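Participant: I am attaching a structure below and will ask some questions about it afterwards.
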Amino acid sequence: MTSRLRTGLIAAAVLGAGAVILAQGAAFAAPPATPPGHQPHVPADSLRALGDAVGLRIGTAVDMDALASNPAYRDITANQFSTVTAENAMKWESVEPSPGVYDWGPADQLVAFAQQNGQLVRGHTLVWHNQLPAWLNAALPSMSTEQVRALLKKHIQDEVGHFRGKIWQWDVVNEAFNDDGTWRDTIWLQKLGPGYIADAFRWAHEADPKALLFYNDYNIEFTGPKSNATYSLVQQLQKEGVPIDGVGFQTHLDTQYGLPDLKANLERFAALGLKVAETEVDVRTTLPVTPVEQTAQVGAYVSTLQACLAVRACISYTIWGFGDAYSWVPAVFPGEGAALIYDENLQPKPQYTALQDTLALASGAPGRTGPHR
Ligand code: 9MR
């Protein structure tokens, strides 16, 4: 089957599945009146206002340069979203450019912006193999296990401590598995063994006992070895009494690879007593975008949002930026892009309208009334 044909079939399947879920939701009583927005000026048809009505936080990753320089970007960030994630500003290379010298500036600006606009902050990310400072990459290989342990603990506790009380969800550990479910061979695994994950959660919890602590990864939306490995990890952590609160499903999708069985996957993690969240949603396709591909993109946005709406433990739906001009995709997947919900000129695309409609239609869905969790 050609990939184009496959895309079309997927789109049709998604739209069909959507109709079923919406029909189920419509059978339930209308929710109480929408709680007042956090800001008087939030438009009633904004994603955040529509999300408020169904108790779901709608989020975006934020590019701090765009936030500082582009008023339209700033307005959309404030008006459309009720939670924000630092796309890069809280990563280790951003916050500790030289050993022991912290630069909290951009991350603090994001937290201040969020507070001004009644938004909650997802902290991203404390332990990762990417975007480590150059000085750290150079130093790590010759460090002893004890030194690496002490350094990682200090990083986590300094950062979580700096933002104590201001972060809703922390991505404590990011992308620890390979797609086949084996441990990713990171410097943390090499130096500390897999126990670094439990330690990271314990250290983060000590520094901010109220923050929700998440494990976050991609390609765990699909049932399979990676999702199963994550499930086993979480069960093991729970057995050991490690303070883990949730799992973040990044949800970076591509129209040519079909759709994940996300709802079932969210449900099985939720059944462990965890929160779940979609943390980095985007849906890329080959450029230029054909009508069929755009239909598939719309379908994927709708189905990922419906999966979250259908699972009570799913507390936020975050897209990885909103304007195509700022997306990470074209630099990493040459020839692909258009993954977000606003175009290069920050005009809303059909993907945006589809999210609006999906939220509006979800008002009668079970468990989707009342205040945010
Ligand atoms: O969007 C981020 C991009 O600006 C950075 O250059 C890139 C570096 O690896 O990281 C991107 O964000 C990633 C996120 O932190 C973790 N999941 C995958 C995201 C896309 O690569």
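Scheme for the structure tokens: letters A, B, ... for chains in order shown; per-chain residue numbers from 1; ligand numbers from 1 in order shown.
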Could you give me, as a VMD selection string, the residues within 12 Å of A:Arg122, counting only C-alpha atoms and dropping anything in the same chain fewer than 5 positions from it?

Facilitator: chain A and resid 57 to 62 82 to 90 107 110 to 111 114 160 163 166 to 172 211 to 214 216 248 277 to 280 315 to 318

Participant: Residues contacting ligand 1 - anything with an atom at most 9 Å away, using only C-alpha atoms and all ligand atoms - can you give me those as a ChimeraX atom specification?

Facilitator: /A:61,63,86-88,91,124-125,128,130-131,174-175,216-218,250,252,279-280,320-321,326-329,331-332

Participant: Next, the residues of the selection above should be written as a CSV table (one decimal), in the first residue's frame with C-alpha atoms.

Facilitator:
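Result file is part_34.csv:
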chain,number,residue,atom,x,y,z
A,61,ALA,CA,5.7,24.3,24.7
A,63,ASP,CA,10.0,29.3,22.7
A,86,ALA,CA,9.6,25.5,28.6
A,87,GLU,CA,10.7,24.0,25.2
A,88,ASN,CA,14.3,24.5,26.1
A,91,LYS,CA,17.1,22.0,30.2
A,124,HIS,CA,10.9,19.9,31.3
A,125,THR,CA,13.3,18.2,31.9
A,128,TRP,CA,18.0,13.5,29.9
A,130,ASN,CA,20.4,15.4,25.3
A,131,GLN,CA,21.1,19.1,25.7
A,174,ASN,CA,13.1,11.8,29.9
A,175,GLU,CA,13.5,9.1,27.2
A,216,ASN,CA,8.2,11.2,29.9
A,217,ASP,CA,8.9,9.4,26.6
A,218,TYR,CA,8.0,9.2,22.9
A,250,GLN,CA,5.0,12.8,24.1
A,252,HIS,CA,5.1,13.1,18.2
A,279,THR,CA,3.1,16.2,26.7
A,280,GLU,CA,4.5,17.1,23.3
A,320,TRP,CA,4.9,21.0,21.2
A,321,GLY,CA,4.6,24.6,20.2
A,326,TYR,CA,8.8,27.5,15.4
A,327,SER,CA,8.6,23.8,15.1
A,328,TRP,CA,11.6,21.5,15.7
A,329,VAL,CA,10.4,19.1,13.0
A,331,ALA,CA,15.4,20.6,11.1
A,332,VAL,CA,15.2,17.0,12.2

Participant: Which residues, written as an MDAnalysis selection string, have at least one atom at most 9 Å from stretch 41-46 of chain A, with only C-alpha atoms counted and residues fewer than 5 positions away on the same chain left out?

Facilitator: chainID A and resid 51 78:81 356 360

Participant: How would the residues just chosen look if you wrote them out with all heavy atoms as a PDB file, in the first residue's frame?

Facilitator:
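So out17.pdb came out as:
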ATOM      1  N   GLY A  51     -11.249  24.028  27.264  1.00  0.00           N
ATOM      2  CA  GLY A  51     -10.651  23.003  28.118  1.00  0.00           C
ATOM      3  C   GLY A  51     -11.111  23.158  29.559  1.00  0.00           C
ATOM      4  O   GLY A  51     -11.400  22.166  30.248  1.00  0.00           O
ATOM      5  N   ALA A  78      -0.796  33.362  25.691  1.00  0.00           N
ATOM      6  CA  ALA A  78      -1.586  33.751  26.873  1.00  0.00           C
ATOM      7  C   ALA A  78      -3.048  33.357  26.733  1.00  0.00           C
ATOM      8  O   ALA A  78      -3.674  32.907  27.699  1.00  0.00           O
ATOM      9  CB  ALA A  78      -1.474  35.259  27.086  1.00  0.00           C
ATOM     10  N   ASN A  79      -3.594  33.545  25.548  1.00  0.00           N
ATOM     11  CA  ASN A  79      -5.044  33.422  25.386  1.00  0.00           C
ATOM     12  C   ASN A  79      -5.533  31.994  25.156  1.00  0.00           C
ATOM     13  O   ASN A  79      -6.665  31.670  25.495  1.00  0.00           O
ATOM     14  CB  ASN A  79      -5.523  34.265  24.199  1.00  0.00           C
ATOM     15  CG  ASN A  79      -5.491  35.740  24.514  1.00  0.00           C
ATOM     16  OD1 ASN A  79      -5.557  36.122  25.677  1.00  0.00           O
ATOM     17  ND2 ASN A  79      -5.369  36.562  23.492  1.00  0.00           N
ATOM     18  N   GLN A  80      -4.686  31.178  24.539  1.00  0.00           N
ATOM     19  CA  GLN A  80      -5.174  29.864  24.106  1.00  0.00           C
ATOM     20  C   GLN A  80      -4.841  28.723  25.060  1.00  0.00           C
ATOM     21  O   GLN A  80      -5.407  27.647  24.949  1.00  0.00           O
ATOM     22  CB  GLN A  80      -4.600  29.522  22.720  1.00  0.00           C
ATOM     23  CG  GLN A  80      -5.062  30.453  21.614  1.00  0.00           C
ATOM     24  CD  GLN A  80      -6.552  30.324  21.312  1.00  0.00           C
ATOM     25  OE1 GLN A  80      -7.169  29.276  21.534  1.00  0.00           O
ATOM     26  NE2 GLN A  80      -7.152  31.393  20.816  1.00  0.00           N
ATOM     27  N   PHE A  81      -3.890  28.942  25.986  1.00  0.00           N
ATOM     28  CA  PHE A  81      -3.377  27.810  26.759  1.00  0.00           C
ATOM     29  C   PHE A  81      -3.469  28.044  28.264  1.00  0.00           C
ATOM     30  O   PHE A  81      -3.299  29.171  28.734  1.00  0.00           O
ATOM     31  CB  PHE A  81      -1.928  27.524  26.335  1.00  0.00           C
ATOM     32  CG  PHE A  81      -1.819  27.223  24.868  1.00  0.00           C
ATOM     33  CD1 PHE A  81      -1.413  28.202  23.965  1.00  0.00           C
ATOM     34  CD2 PHE A  81      -2.195  25.983  24.370  1.00  0.00           C
ATOM     35  CE1 PHE A  81      -1.358  27.950  22.602  1.00  0.00           C
ATOM     36  CE2 PHE A  81      -2.145  25.713  23.002  1.00  0.00           C
ATOM     37  CZ  PHE A  81      -1.725  26.696  22.115  1.00  0.00           C
ATOM     38  N   GLN A 356     -10.765  22.843  18.842  1.00  0.00           N
ATOM     39  CA  GLN A 356     -11.869  23.628  19.423  1.00  0.00           C
ATOM     40  C   GLN A 356     -13.166  22.825  19.423  1.00  0.00           C
ATOM     41  O   GLN A 356     -13.852  22.711  20.442  1.00  0.00           O
ATOM     42  CB  GLN A 356     -12.128  24.864  18.545  1.00  0.00           C
ATOM     43  CG  GLN A 356     -11.483  26.129  18.961  1.00  0.00           C
ATOM     44  CD  GLN A 356     -11.943  27.235  17.997  1.00  0.00           C
ATOM     45  OE1 GLN A 356     -12.131  27.012  16.793  1.00  0.00           O
ATOM     46  NE2 GLN A 356     -12.108  28.420  18.535  1.00  0.00           N
ATOM     47  N   ALA A 360     -15.369  21.449  22.559  1.00  0.00           N
ATOM     48  CA  ALA A 360     -16.748  21.924  22.726  1.00  0.00           C
ATOM     49  C   ALA A 360     -17.720  20.753  22.793  1.00  0.00           C
ATOM     50  O   ALA A 360     -18.626  20.713  23.629  1.00  0.00           O
ATOM     51  CB  ALA A 360     -17.119  22.863  21.583  1.00  0.00           C
TER      52      ALA A 360
END

Participant: Which residues are near A:Met143? Cut-off 12 Å, only C-alpha atoms, ignore same chain within fewer than 3 positions. Put them as a PyMOL selection string.

Facilitator: chain A and resi 136-140+146-152+187-188+190-192

Participant: Can I get the selection written as an mmCIF file, in the first residue's frame, with N, CA, C and O atoms?

Facilitator:
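selection03.cif was written with the following content:
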data_model
loop_
_atom_site.group_PDB
_atom_site.id
_atom_site.type_symbol
_atom_site.label_atom_id
_atom_site.label_comp_id
_atom_site.auth_asym_id
_atom_site.auth_seq_id
_atom_site.Cartn_x
_atom_site.Cartn_y
_atom_site.Cartn_z
ATOM 1 N N LEU A 136 29.785 19.651 30.856
ATOM 2 C CA LEU A 136 29.375 18.420 31.532
ATOM 3 C C LEU A 136 29.678 17.200 30.658
ATOM 4 O O LEU A 136 30.196 16.183 31.134
ATOM 5 N N ASN A 137 29.362 17.331 29.365
ATOM 6 C CA ASN A 137 29.673 16.233 28.441
ATOM 7 C C ASN A 137 31.166 15.917 28.454
ATOM 8 O O ASN A 137 31.567 14.760 28.351
ATOM 9 N N ALA A 138 31.963 16.957 28.581
ATOM 10 C CA ALA A 138 33.414 16.751 28.597
ATOM 11 C C ALA A 138 33.864 16.099 29.899
ATOM 12 O O ALA A 138 34.769 15.258 29.908
ATOM 13 N N ALA A 139 33.208 16.460 30.996
ATOM 14 C CA ALA A 139 33.676 15.998 32.311
ATOM 15 C C ALA A 139 33.186 14.598 32.679
ATOM 16 O O ALA A 139 33.893 13.844 33.353
ATOM 17 N N LEU A 140 31.972 14.258 32.243
ATOM 18 C CA LEU A 140 31.327 13.037 32.742
ATOM 19 C C LEU A 140 32.131 11.739 32.537
ATOM 20 O O LEU A 140 32.240 10.939 33.475
ATOM 21 N N GLU A 146 30.484 7.846 42.253
ATOM 22 C CA GLU A 146 30.077 8.702 43.380
ATOM 23 C C GLU A 146 29.986 10.160 42.944
ATOM 24 O O GLU A 146 29.072 10.880 43.327
ATOM 25 N N GLN A 147 30.938 10.581 42.117
ATOM 26 C CA GLN A 147 30.926 11.984 41.660
ATOM 27 C C GLN A 147 29.708 12.250 40.771
ATOM 28 O O GLN A 147 29.046 13.280 40.895
ATOM 29 N N VAL A 148 29.400 11.312 39.880
ATOM 30 C CA VAL A 148 28.258 11.512 38.976
ATOM 31 C C VAL A 148 26.957 11.547 39.784
ATOM 32 O O VAL A 148 26.081 12.389 39.551
ATOM 33 N N ARG A 149 26.876 10.656 40.750
ATOM 34 C CA ARG A 149 25.679 10.613 41.599
ATOM 35 C C ARG A 149 25.475 11.939 42.335
ATOM 36 O O ARG A 149 24.390 12.512 42.363
ATOM 37 N N ALA A 150 26.538 12.432 42.896
ATOM 38 C CA ALA A 150 26.457 13.685 43.656
ATOM 39 C C ALA A 150 26.093 14.849 42.724
ATOM 40 O O ALA A 150 25.292 15.723 43.070
ATOM 41 N N LEU A 151 26.681 14.838 41.537
ATOM 42 C CA LEU A 151 26.424 15.919 40.580
ATOM 43 C C LEU A 151 24.969 15.904 40.103
ATOM 44 O O LEU A 151 24.310 16.948 40.022
ATOM 45 N N LEU A 152 24.459 14.699 39.814
ATOM 46 C CA LEU A 152 23.071 14.601 39.340
ATOM 47 C C LEU A 152 22.102 15.009 40.443
ATOM 48 O O LEU A 152 21.125 15.734 40.201
ATOM 49 N N ILE A 187 24.797 8.147 29.338
ATOM 50 C CA ILE A 187 25.881 8.305 30.309
ATOM 51 C C ILE A 187 25.374 8.011 31.724
ATOM 52 O O ILE A 187 26.107 7.490 32.572
ATOM 53 N N TRP A 188 24.098 8.295 31.970
ATOM 54 C CA TRP A 188 23.528 8.042 33.312
ATOM 55 C C TRP A 188 23.443 6.548 33.583
ATOM 56 O O TRP A 188 23.768 6.078 34.672
ATOM 57 N N GLN A 190 25.266 4.252 32.051
ATOM 58 C CA GLN A 190 26.633 3.722 32.103
ATOM 59 C C GLN A 190 27.274 3.957 33.472
ATOM 60 O O GLN A 190 27.934 3.090 34.021
ATOM 61 N N LYS A 191 27.058 5.135 34.003
ATOM 62 C CA LYS A 191 27.747 5.490 35.253
ATOM 63 C C LYS A 191 27.015 4.990 36.498
ATOM 64 O O LYS A 191 27.632 4.678 37.508
ATOM 65 N N LEU A 192 25.671 4.968 36.428
ATOM 66 C CA LEU A 192 24.902 4.734 37.657
ATOM 67 C C LEU A 192 24.052 3.472 37.626
ATOM 68 O O LEU A 192 23.521 3.060 38.666
#

Participant: For the helix (DSSP H, G or I) assignment from backbone DSSP, which residues of stretch 43-196 of chain A qualify? Please present them as number ranges by chain.

Facilitator: A: 47-53, 64-69, 71-80, 92-95, 105-116, 134-142, 145-162, 187-192, 196

Participant: Smallest atom-to-atom distance to A:Asp65: which of A:Pro194, A:Pro106, A:Ala264, A:Trp183, using only C-alpha atoms?

Facilitator: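 Looking at the shortest contact to A:Asp65, the residue is A:Pro106.
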
Participant: Looking only at the backbone, which of the residues in stretch 177-306 of chain A does DSSP tag as strand (DSSP E), as a list in words?

Facilitator: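 Filtering stretch 177-306 of chain A to strand (DSSP E) leaves Leu212, Leu213, Phe214, Tyr215, Asn216, Asp217, Gly246, Val247, Gly248, Phe249, His252, Leu253, Asp254, Lys275, Val276, Ala277, Glu278, Thr279, Glu280, Val281, Asp282, Val283, Arg284, Thr285 and Thr286 of chain A.
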
Participant: Expressed in Å to a single decimal, how great is the separation between atom CA of A:Leu359 and atom CA of A:Ser303?

Facilitator: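 Distance between the two atoms: 11.6 Å.
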
Participant: Quick one: distance from atom CA of A:Tyr73 to atom CA of A:Ala112 in Å, one decimal?

Facilitator: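 Separation between atom CA of A:Tyr73 and atom CA of A:Ala112: 16.4 Å.
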
Participant: Would you mind telling me which residue in A:Ala296, A:Leu67, A:Val283, A:Leu274 lies nearest to A:Asp254 when using only C-alpha atoms?

Facilitator: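 Of the candidates, the smallest distance to A:Asp254 is held by A:Val283.
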
Participant: Within 12 Å of A:Glu344, counting only C-alpha atoms, which residues show up once you throw out same-chain ones fewer than 4 positions away? Write them as a PyMOL selection string, please.

Facilitator: chain A and resi 73+321-327+337-340+348-349

Participant: Could you take the residues named above and write them with C-alpha atoms, as a compact mmCIF listing (two decimals), in the first residue's frame?

Facilitator:
# COMPACT_ATOMS: atom_id res chain seq x y z
CA TYR A 73 3.03 34.73 19.60
CA GLY A 321 4.57 24.62 20.15
CA PHE A 322 1.71 26.01 18.10
CA GLY A 323 3.18 27.87 15.09
CA ASP A 324 4.79 25.95 12.23
CA ALA A 325 7.55 28.56 11.93
CA TYR A 326 8.85 27.54 15.36
CA SER A 327 8.56 23.76 15.12
CA GLY A 337 6.78 19.76 8.71
CA ALA A 338 3.46 21.57 9.08
CA ALA A 339 3.13 19.66 12.35
CA LEU A 340 1.38 22.28 14.45
CA PRO A 348 -5.04 29.02 12.79
CA LYS A 349 -5.21 25.90 10.61
